[in-house]
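Quick look at run-v9.txt (compact mmCIF, C-alpha atoms):
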```txt
# COMPACT_ATOMS: atom_id res chain seq x y z
CA MET A 12 107.98 102.67 118.72
CA THR A 13 106.61 102.22 122.15
CA ALA A 14 106.15 98.72 123.46
CA LYS A 15 104.25 98.73 126.74
CA ILE A 16 106.35 95.95 128.21
CA SER A 17 109.73 96.81 129.66
CA TYR A 18 112.78 94.67 128.86
CA ASP A 19 113.75 94.77 132.53
CA ASP A 20 110.37 93.38 133.59
CA VAL A 21 110.62 90.10 131.69
CA GLU A 22 112.64 86.99 132.38
CA VAL A 23 113.35 83.86 130.42
CA GLY A 24 110.21 81.78 130.92
CA THR A 25 107.83 84.75 131.25
CA GLU A 26 104.53 83.58 129.76
CA LEU A 27 102.46 85.80 127.47
CA PRO A 28 98.66 85.69 127.77
CA ALA A 29 97.49 82.75 125.64
CA GLN A 30 94.68 83.24 123.11
CA THR A 31 92.34 81.06 121.07
CA PHE A 32 91.35 82.11 117.55
CA GLY A 33 88.38 80.77 115.61
CA VAL A 34 88.43 80.10 111.89
CA THR A 35 85.48 79.17 109.69
CA ARG A 36 85.10 78.75 105.94
CA ALA A 37 83.86 82.35 105.83
CA THR A 38 87.07 83.49 107.55
CA LEU A 39 89.11 81.74 104.87
CA VAL A 40 87.18 83.34 102.03
CA GLN A 41 87.70 86.74 103.64
CA TYR A 42 91.43 86.06 104.14
CA ALA A 43 91.79 84.84 100.55
CA GLY A 44 90.36 88.13 99.33
CA ALA A 45 92.49 90.28 101.62
CA SER A 46 95.75 88.41 100.95
CA GLY A 47 95.25 87.57 97.28
CA ASP A 48 95.90 83.85 97.91
CA PHE A 49 93.03 82.14 96.08
CA ASN A 50 94.44 78.61 96.12
CA PRO A 51 91.26 76.43 96.04
CA ILE A 52 92.58 74.14 98.81
CA HIS A 53 91.47 76.97 101.13
CA TRP A 54 87.83 77.16 100.00
CA ASN A 55 86.91 74.25 97.70
CA GLU A 56 86.34 70.97 99.52
CA LYS A 57 86.16 68.87 96.36
CA PHE A 58 89.47 70.26 95.11
CA ALA A 59 91.15 69.86 98.52
CA LYS A 60 90.16 66.20 98.71
CA GLU A 61 91.27 65.55 95.13
CA VAL A 62 94.80 66.66 96.04
CA GLY A 63 94.86 64.38 99.08
CA LEU A 64 93.89 66.72 101.90
CA PRO A 65 91.34 65.65 104.53
CA ASP A 66 89.21 68.77 103.87
CA VAL A 67 89.60 72.49 103.26
CA ILE A 68 92.62 73.81 105.19
CA ALA A 69 93.47 77.27 106.48
CA HIS A 70 96.18 79.28 104.75
CA GLY A 71 99.45 78.73 106.61
CA MET A 72 99.91 82.48 106.45
CA PHE A 73 96.54 82.95 108.18
CA THR A 74 97.70 80.78 111.08
CA MET A 75 101.00 82.68 111.14
CA ALA A 76 99.10 85.99 111.27
CA GLU A 77 96.90 84.82 114.15
CA ALA A 78 99.80 83.43 116.22
CA ILE A 79 101.75 86.70 116.25
CA ARG A 80 98.73 88.51 117.72
CA VAL A 81 99.65 86.96 121.07
CA VAL A 82 102.92 88.91 120.85
CA THR A 83 101.62 92.18 119.38
CA ASP A 84 98.77 92.32 121.91
CA TRP A 85 101.34 91.79 124.66
CA THR A 86 103.78 94.49 123.55
CA GLY A 87 100.99 96.90 122.56
CA ASP A 88 102.82 97.92 119.37
CA PRO A 89 102.80 95.68 116.28
CA GLY A 90 105.87 97.64 115.14
CA SER A 91 107.84 95.93 117.91
CA ILE A 92 108.28 92.75 115.83
CA VAL A 93 111.85 92.59 114.54
CA GLU A 94 111.87 89.00 113.27
CA TYR A 95 109.20 86.34 112.95
CA GLY A 96 109.54 82.88 111.50
CA VAL A 97 107.54 79.64 111.49
CA ARG A 98 107.54 76.17 110.01
CA PHE A 99 104.21 74.87 108.72
CA THR A 100 104.10 71.39 110.27
CA LYS A 101 100.42 70.39 110.07
CA PRO A 102 97.47 71.96 108.29
CA VAL A 103 94.56 73.52 110.21
CA VAL A 104 91.58 71.56 108.89
CA VAL A 105 88.44 73.71 108.71
CA PRO A 106 85.13 71.80 108.62
CA ASN A 107 82.11 73.23 106.82
CA ASP A 108 80.03 74.17 109.86
CA ALA A 109 79.32 77.20 112.02
CA GLU A 110 82.07 76.40 114.53
CA GLY A 111 84.91 75.75 112.09
CA ALA A 112 88.29 75.16 113.75
CA THR A 113 90.20 76.80 116.57
CA ILE A 114 93.87 77.73 116.82
CA GLU A 115 95.26 77.87 120.36
CA VAL A 116 98.38 79.96 120.75
CA SER A 117 100.64 80.18 123.76
CA ALA A 118 104.01 81.88 124.03
CA LYS A 119 106.85 82.51 126.43
CA VAL A 120 110.09 84.40 126.51
CA GLY A 121 112.80 81.99 125.36
CA ALA A 122 115.83 84.26 125.63
CA LYS A 123 116.84 87.83 126.40
CA LEU A 124 118.93 89.30 123.59
CA ASP A 125 120.87 92.51 122.93
CA ASP A 126 119.41 95.94 122.30
CA ASN A 127 116.28 95.47 124.46
CA THR A 128 115.08 92.56 122.34
CA VAL A 129 113.78 89.20 123.50
CA ARG A 130 113.07 85.96 121.68
CA VAL A 131 109.51 84.74 122.11
CA ASP A 132 108.80 81.06 121.45
CA LEU A 133 105.27 80.38 120.20
CA THR A 134 103.18 77.23 120.22
CA ALA A 135 100.13 76.94 117.96
CA MET A 136 97.78 73.97 118.28
CA SER A 137 94.67 72.92 116.41
CA ALA A 138 92.63 69.76 117.02
CA GLY A 139 95.32 68.54 119.43
CA GLN A 140 98.15 68.86 116.92
CA LYS A 141 101.00 71.32 116.68
CA VAL A 142 100.38 73.32 113.51
CA LEU A 143 103.44 75.58 113.65
CA GLY A 144 106.95 74.39 114.44
CA MET A 145 110.07 76.42 115.27
CA SER A 146 107.78 79.38 115.71
CA ARG A 147 109.81 82.28 117.04
CA ALA A 148 109.69 86.03 117.13
CA VAL A 149 112.33 88.58 118.10
CA VAL A 150 110.63 91.56 119.69
CA ARG A 151 111.94 94.96 120.80
CA LEU A 152 110.68 95.97 124.23
CA ALA A 153 110.73 99.32 125.99
CA MET B 23 113.91 65.30 88.25
CA ALA B 24 116.01 67.38 90.63
CA LEU B 25 116.15 71.09 89.96
CA ASP B 26 119.22 72.63 88.34
CA GLN B 27 121.70 73.73 91.04
CA SER B 28 123.02 76.46 88.75
CA PHE B 29 119.93 78.50 89.67
CA VAL B 30 121.27 78.98 93.23
CA GLY B 31 122.19 82.62 93.70
CA ARG B 32 120.12 83.79 90.77
CA THR B 33 118.52 87.18 91.39
CA TYR B 34 115.44 88.31 89.48
CA PRO B 35 114.78 91.92 88.46
CA PRO B 36 113.00 94.11 91.06
CA THR B 37 109.21 94.18 90.82
CA ASP B 38 107.23 97.27 89.91
CA PRO B 39 106.37 99.28 93.06
CA TYR B 40 103.42 98.08 95.16
CA GLU B 41 101.67 101.03 96.79
CA VAL B 42 100.49 100.15 100.30
CA GLY B 43 97.06 101.69 100.92
CA ARG B 44 95.32 102.36 104.22
CA GLU B 45 92.20 100.51 103.10
CA LYS B 46 94.19 97.46 102.02
CA ILE B 47 95.79 97.32 105.47
CA ARG B 48 92.35 97.69 107.08
CA GLU B 49 90.97 94.89 104.91
CA PHE B 50 93.85 92.59 105.90
CA ALA B 51 93.55 93.41 109.62
CA GLU B 52 89.79 92.71 109.47
CA ALA B 53 90.43 89.40 107.69
CA VAL B 54 92.68 88.21 110.51
CA GLY B 55 90.29 89.64 113.10
CA ASP B 56 92.88 92.00 114.58
CA ALA B 57 91.36 95.19 115.95
CA HIS B 58 94.65 96.85 116.95
CA PRO B 59 94.11 100.58 116.27
CA ALA B 60 97.62 101.04 114.81
CA TYR B 61 96.30 99.27 111.68
CA THR B 62 93.35 101.59 111.08
CA ASP B 63 93.70 104.83 113.05
CA PRO B 64 96.53 107.17 111.97
CA GLU B 65 96.40 108.97 115.32
CA ALA B 66 96.81 105.72 117.25
CA ALA B 67 99.72 104.78 114.98
CA LYS B 68 101.33 108.21 115.51
CA ALA B 69 100.97 107.81 119.27
CA LEU B 70 103.21 104.74 118.90
CA GLY B 71 105.76 106.72 116.91
CA HIS B 72 104.75 105.63 113.39
CA PRO B 73 104.17 108.23 110.66
CA ASP B 74 100.97 106.54 109.42
CA VAL B 75 98.98 103.35 109.98
CA ILE B 76 101.19 100.26 109.90
CA ALA B 77 100.50 96.84 108.45
CA PRO B 78 100.35 93.60 110.47
CA PRO B 79 103.72 91.78 110.54
CA THR B 80 102.73 89.16 107.91
CA PHE B 81 100.98 91.56 105.52
CA VAL B 82 104.06 91.93 103.31
CA PHE B 83 103.84 88.25 102.33
CA SER B 84 101.15 89.09 99.79
CA ILE B 85 103.72 91.26 98.02
CA THR B 86 106.79 89.04 98.41
CA PHE B 87 104.93 85.88 97.40
CA LYS B 88 103.66 87.50 94.25
CA ALA B 89 107.26 88.51 93.52
CA ALA B 90 108.40 84.93 94.18
CA GLY B 91 106.08 83.98 91.33
CA GLN B 92 108.84 85.15 88.99
CA VAL B 93 110.93 82.30 90.35
CA VAL B 94 108.34 79.55 90.64
CA GLN B 95 106.97 80.27 87.18
CA ASP B 96 110.39 80.56 85.54
CA PRO B 97 110.03 77.99 82.75
CA GLN B 98 113.79 77.42 82.76
CA LEU B 99 113.71 76.39 86.44
CA GLY B 100 110.85 73.97 85.75
CA LEU B 101 109.30 73.72 89.23
CA ASP B 102 106.07 71.67 89.30
CA TYR B 103 103.94 74.29 91.05
CA SER B 104 100.90 72.02 91.35
CA ARG B 105 102.89 69.97 93.91
CA VAL B 106 104.24 72.91 95.91
CA VAL B 107 103.50 73.45 99.60
CA HIS B 108 104.68 76.26 101.84
CA GLY B 109 107.32 74.85 104.21
CA ASP B 110 108.71 77.73 106.25
CA GLN B 111 108.26 81.47 106.33
CA LYS B 112 110.38 84.09 108.04
CA PHE B 113 110.45 87.88 108.09
CA ALA B 114 113.11 90.29 109.36
CA HIS B 115 111.73 93.82 109.66
CA LYS B 116 113.91 96.89 109.58
CA ARG B 117 110.70 98.82 110.21
CA PRO B 118 106.99 98.05 109.86
CA VAL B 119 105.37 98.35 106.44
CA ARG B 120 103.10 101.42 106.47
CA ALA B 121 100.45 103.14 104.39
CA GLY B 122 101.97 105.19 101.60
CA ASP B 123 104.96 102.89 101.12
CA ARG B 124 105.85 102.11 97.52
CA LEU B 125 107.61 98.78 97.82
CA THR B 126 109.71 96.84 95.34
CA VAL B 127 110.81 93.25 95.86
CA THR B 128 114.02 91.67 94.61
CA SER B 129 113.88 87.87 94.74
CA THR B 130 116.92 85.62 94.94
CA ILE B 131 117.12 81.81 94.98
CA GLU B 132 119.15 81.05 98.11
CA THR B 133 119.24 77.27 98.06
CA ILE B 134 117.93 74.33 96.09
CA LYS B 135 117.88 70.90 97.71
CA SER B 136 116.55 67.55 96.73
CA LEU B 137 115.44 65.34 99.61
CA ALA B 138 113.67 62.00 99.16
CA GLY B 139 112.46 63.14 95.74
CA ASN B 140 111.15 66.45 97.08
CA ASP B 141 112.52 69.65 95.58
CA ILE B 142 113.12 72.28 98.26
CA LEU B 143 113.57 75.87 97.24
CA ASP B 144 114.51 78.80 99.47
CA ILE B 145 113.67 82.21 98.07
CA ARG B 146 114.77 85.46 99.71
CA GLY B 147 112.76 88.59 98.94
CA GLU B 148 114.38 91.93 99.77
CA VAL B 149 111.80 94.68 100.12
CA HIS B 150 112.82 98.31 99.64
CA ASP B 151 110.85 101.53 99.77
CA GLU B 152 110.80 104.33 97.22
CA ALA B 153 113.85 105.99 98.80
CA GLY B 154 115.76 102.74 98.39
CA GLU B 155 115.75 102.01 102.12
CA HIS B 156 115.50 98.38 103.21
CA VAL B 157 112.16 97.66 104.92
CA VAL B 158 111.90 93.90 105.34
CA THR B 159 113.43 90.64 104.17
CA ALA B 160 111.15 87.64 103.61
CA TRP B 161 112.46 84.08 103.39
CA THR B 162 110.05 81.59 101.82
CA LYS B 163 110.69 77.85 101.73
CA LEU B 164 108.70 76.01 99.08
CA VAL B 165 108.58 72.22 98.88
CA ALA B 166 107.56 70.53 95.64
CA ARG B 167 106.48 67.09 96.81
CA ALA B 168 107.76 64.11 94.89
CA ALA B 169 105.34 62.74 92.31
CA GLU B 170 103.86 59.39 93.37
CA GLU B 171 105.38 56.30 91.84
CA GLY B 172 103.67 54.58 88.95
```
Mind converting the file's structure to structure tokens?
Amino acid sequence: MTAKISYDDVEVGTELPAQTFGVTRATLVQYAGASGDFNPIHWNEKFAKEVGLPDVIAHGMFTMAEAIRVVTDWTGDPGSIVEYGVRFTKPVVVPNDAEGATIEVSAKVGAKLDDNTVRVDLTAMSAGQKVLGMSRAVVRLA
Amino acid sequence: MALDQSFVGRTYPPTDPYEVGREKIREFAEAVGDAHPAYTDPEAAKALGHPDVIAPPTFVFSITFKAAGQVVQDPQLGLDYSRVVHGDQKFAHKRPVRAGDRLTVTSTIETIKSLAGNDILDIRGEVHDEAGEHVVTAWTKLVARAAEEG
């Protein structure tokens, strides 16, 4: 395992490069197929509205997968993730158009821990609302 | 009706092995738009010290959630799955999941709570490889929303 970032080079408060991820209905169909989660709230507008949702929503696990890319792109090795947890606070609503929705992810080092690991605190926003809460990763650096 | 507390601590039998394939990892990485070469190129993965291509950190959920189905569909537990939403998710990785792994999942009910009519269920999935080594633990919080009055 070879993270490109050195433990000694980061401090509490170090910001990771933020990223914005797009998600359309086509993205959700593709993710449903790859993950095996075919819940119709993620592709069927009529069904989503019948169960009280504003529209089709992204899989929480899709949002979780996008958010951690800010960390794995930073360390250079996806194998550097030791722990990763999130709370799904708000759904990412995905309209039926070419633009879809966007998920904006920022992250910073929240604490330096033992054994060359750091805690990274993530923030994921969509349409002005926080979509992940208590979103944290423990990452092993070089 | 609140779920039966006697189910706390119940462990379900390990699942049949899930064989992690390179193409399945590629398909997942493409679906989340992640072009990191460690997911698709064995040489790039080896350069990072991995024996084969590795899976993105959340890939294993597909396997652990399917295993959690044993719990949520247990007729004795009686969870109303049509009202279930995913509350929290956490993973602790001993090592990354990689192509060639044959993974089994053992699911345990950690806690059952009832809050304002919602049933909250915490399921822990322990994932082991063919050699019996621990690979990852997945904690999944499911919330069965209270049925509306009347």
Distance-based interface of chain B with chain A, 10 Å, counting only C-alpha atoms, as a count of residues only:
56
For the atom pair CA of Asp123 (chain B) and CA of Asp151 (chain B), what is the interatomic distance in Å to one decimal place?
6.2 Å
Enter the distance from CA of Ser136 (chain B) to CA of Val93 (chain B), in Å, rounded to one decimal.
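Value for the CA of Ser136 (chain B)-CA of Val93 (chain B) distance: 17.0 Å.
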Would you compute the box with edges along x, y and z of the file around region 38-57 of chain A, including every atom the file lists for it and 5 Å extra on each side, and give its centre and edge lengths in Å to one decimal, as AutoDock Vina command-line options?
```
--center_x 91.0 --center_y 79.6 --center_z 101.8 --size_x 19.7 --size_y 31.4 --size_z 21.5
```
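Shortest atom-to-atom contact with Leu152 (chain A) among A:Val129, A:Met136, A:Ala112, A:Val104: A:Val129, counting only C-alpha atoms.
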Spatial neighbours of Leu99 (chain B), 12 Å, only C-alpha atoms, chain gap at least 6 places, as a list in words:
Met23, Ala24, Leu25, Asp26, Gln27, Ser28, Phe29, Val30, Arg32, Gly91, Gln92, Val93, Ile131, Ile134, Asp141 and Leu143 of chain B
I need the residue nearest Val42 (chain B) from this list: B:Leu164, B:Ala90, B:Ile142, B:Leu125. Use only C-alpha atoms for the distance.
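Answer, going by the shortest atom-to-atom distance: B:Leu125.
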For each of A:Val23, A:Ile68, A:Ile16, A:Ala29, take the minimum atom-to-atom distance to Glu115 (chain A), counting all atoms listed in the file, then give the residue where this is smallest.
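Smallest distance to Glu115 (chain A) is found for A:Ala29.
Interatomic distance, CA of Thr25 (chain A) against CA of Arg151 (chain A): 15.2 Å.
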With distances taken over all atoms listed in the file, which of A:Ala153, A:Val142, A:Val105, A:Val131 is nearest to Gly24 (chain A)?
A:Val131
Under the rule that all atoms listed in the file are counted, which of A:Thr31, A:Phe49, A:Asp20, A:Ala69 is the nearest residue to Lys123 (chain A)?
A:Asp20
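In terms of minimum interatomic distance to Gly147 (chain B), B:Thr130 ranks closest within B:Asp96, B:Thr130, B:Ala166, B:Val75, counting all atoms listed in the file.
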Can you tell me, as a ChimeraX atom specification, what residues are no more than 9 Å from Pro65 (chain A) when counting all atoms listed in the file, ignoring any on the same chain fewer than 5 positions away?
/A:56,59-60,104
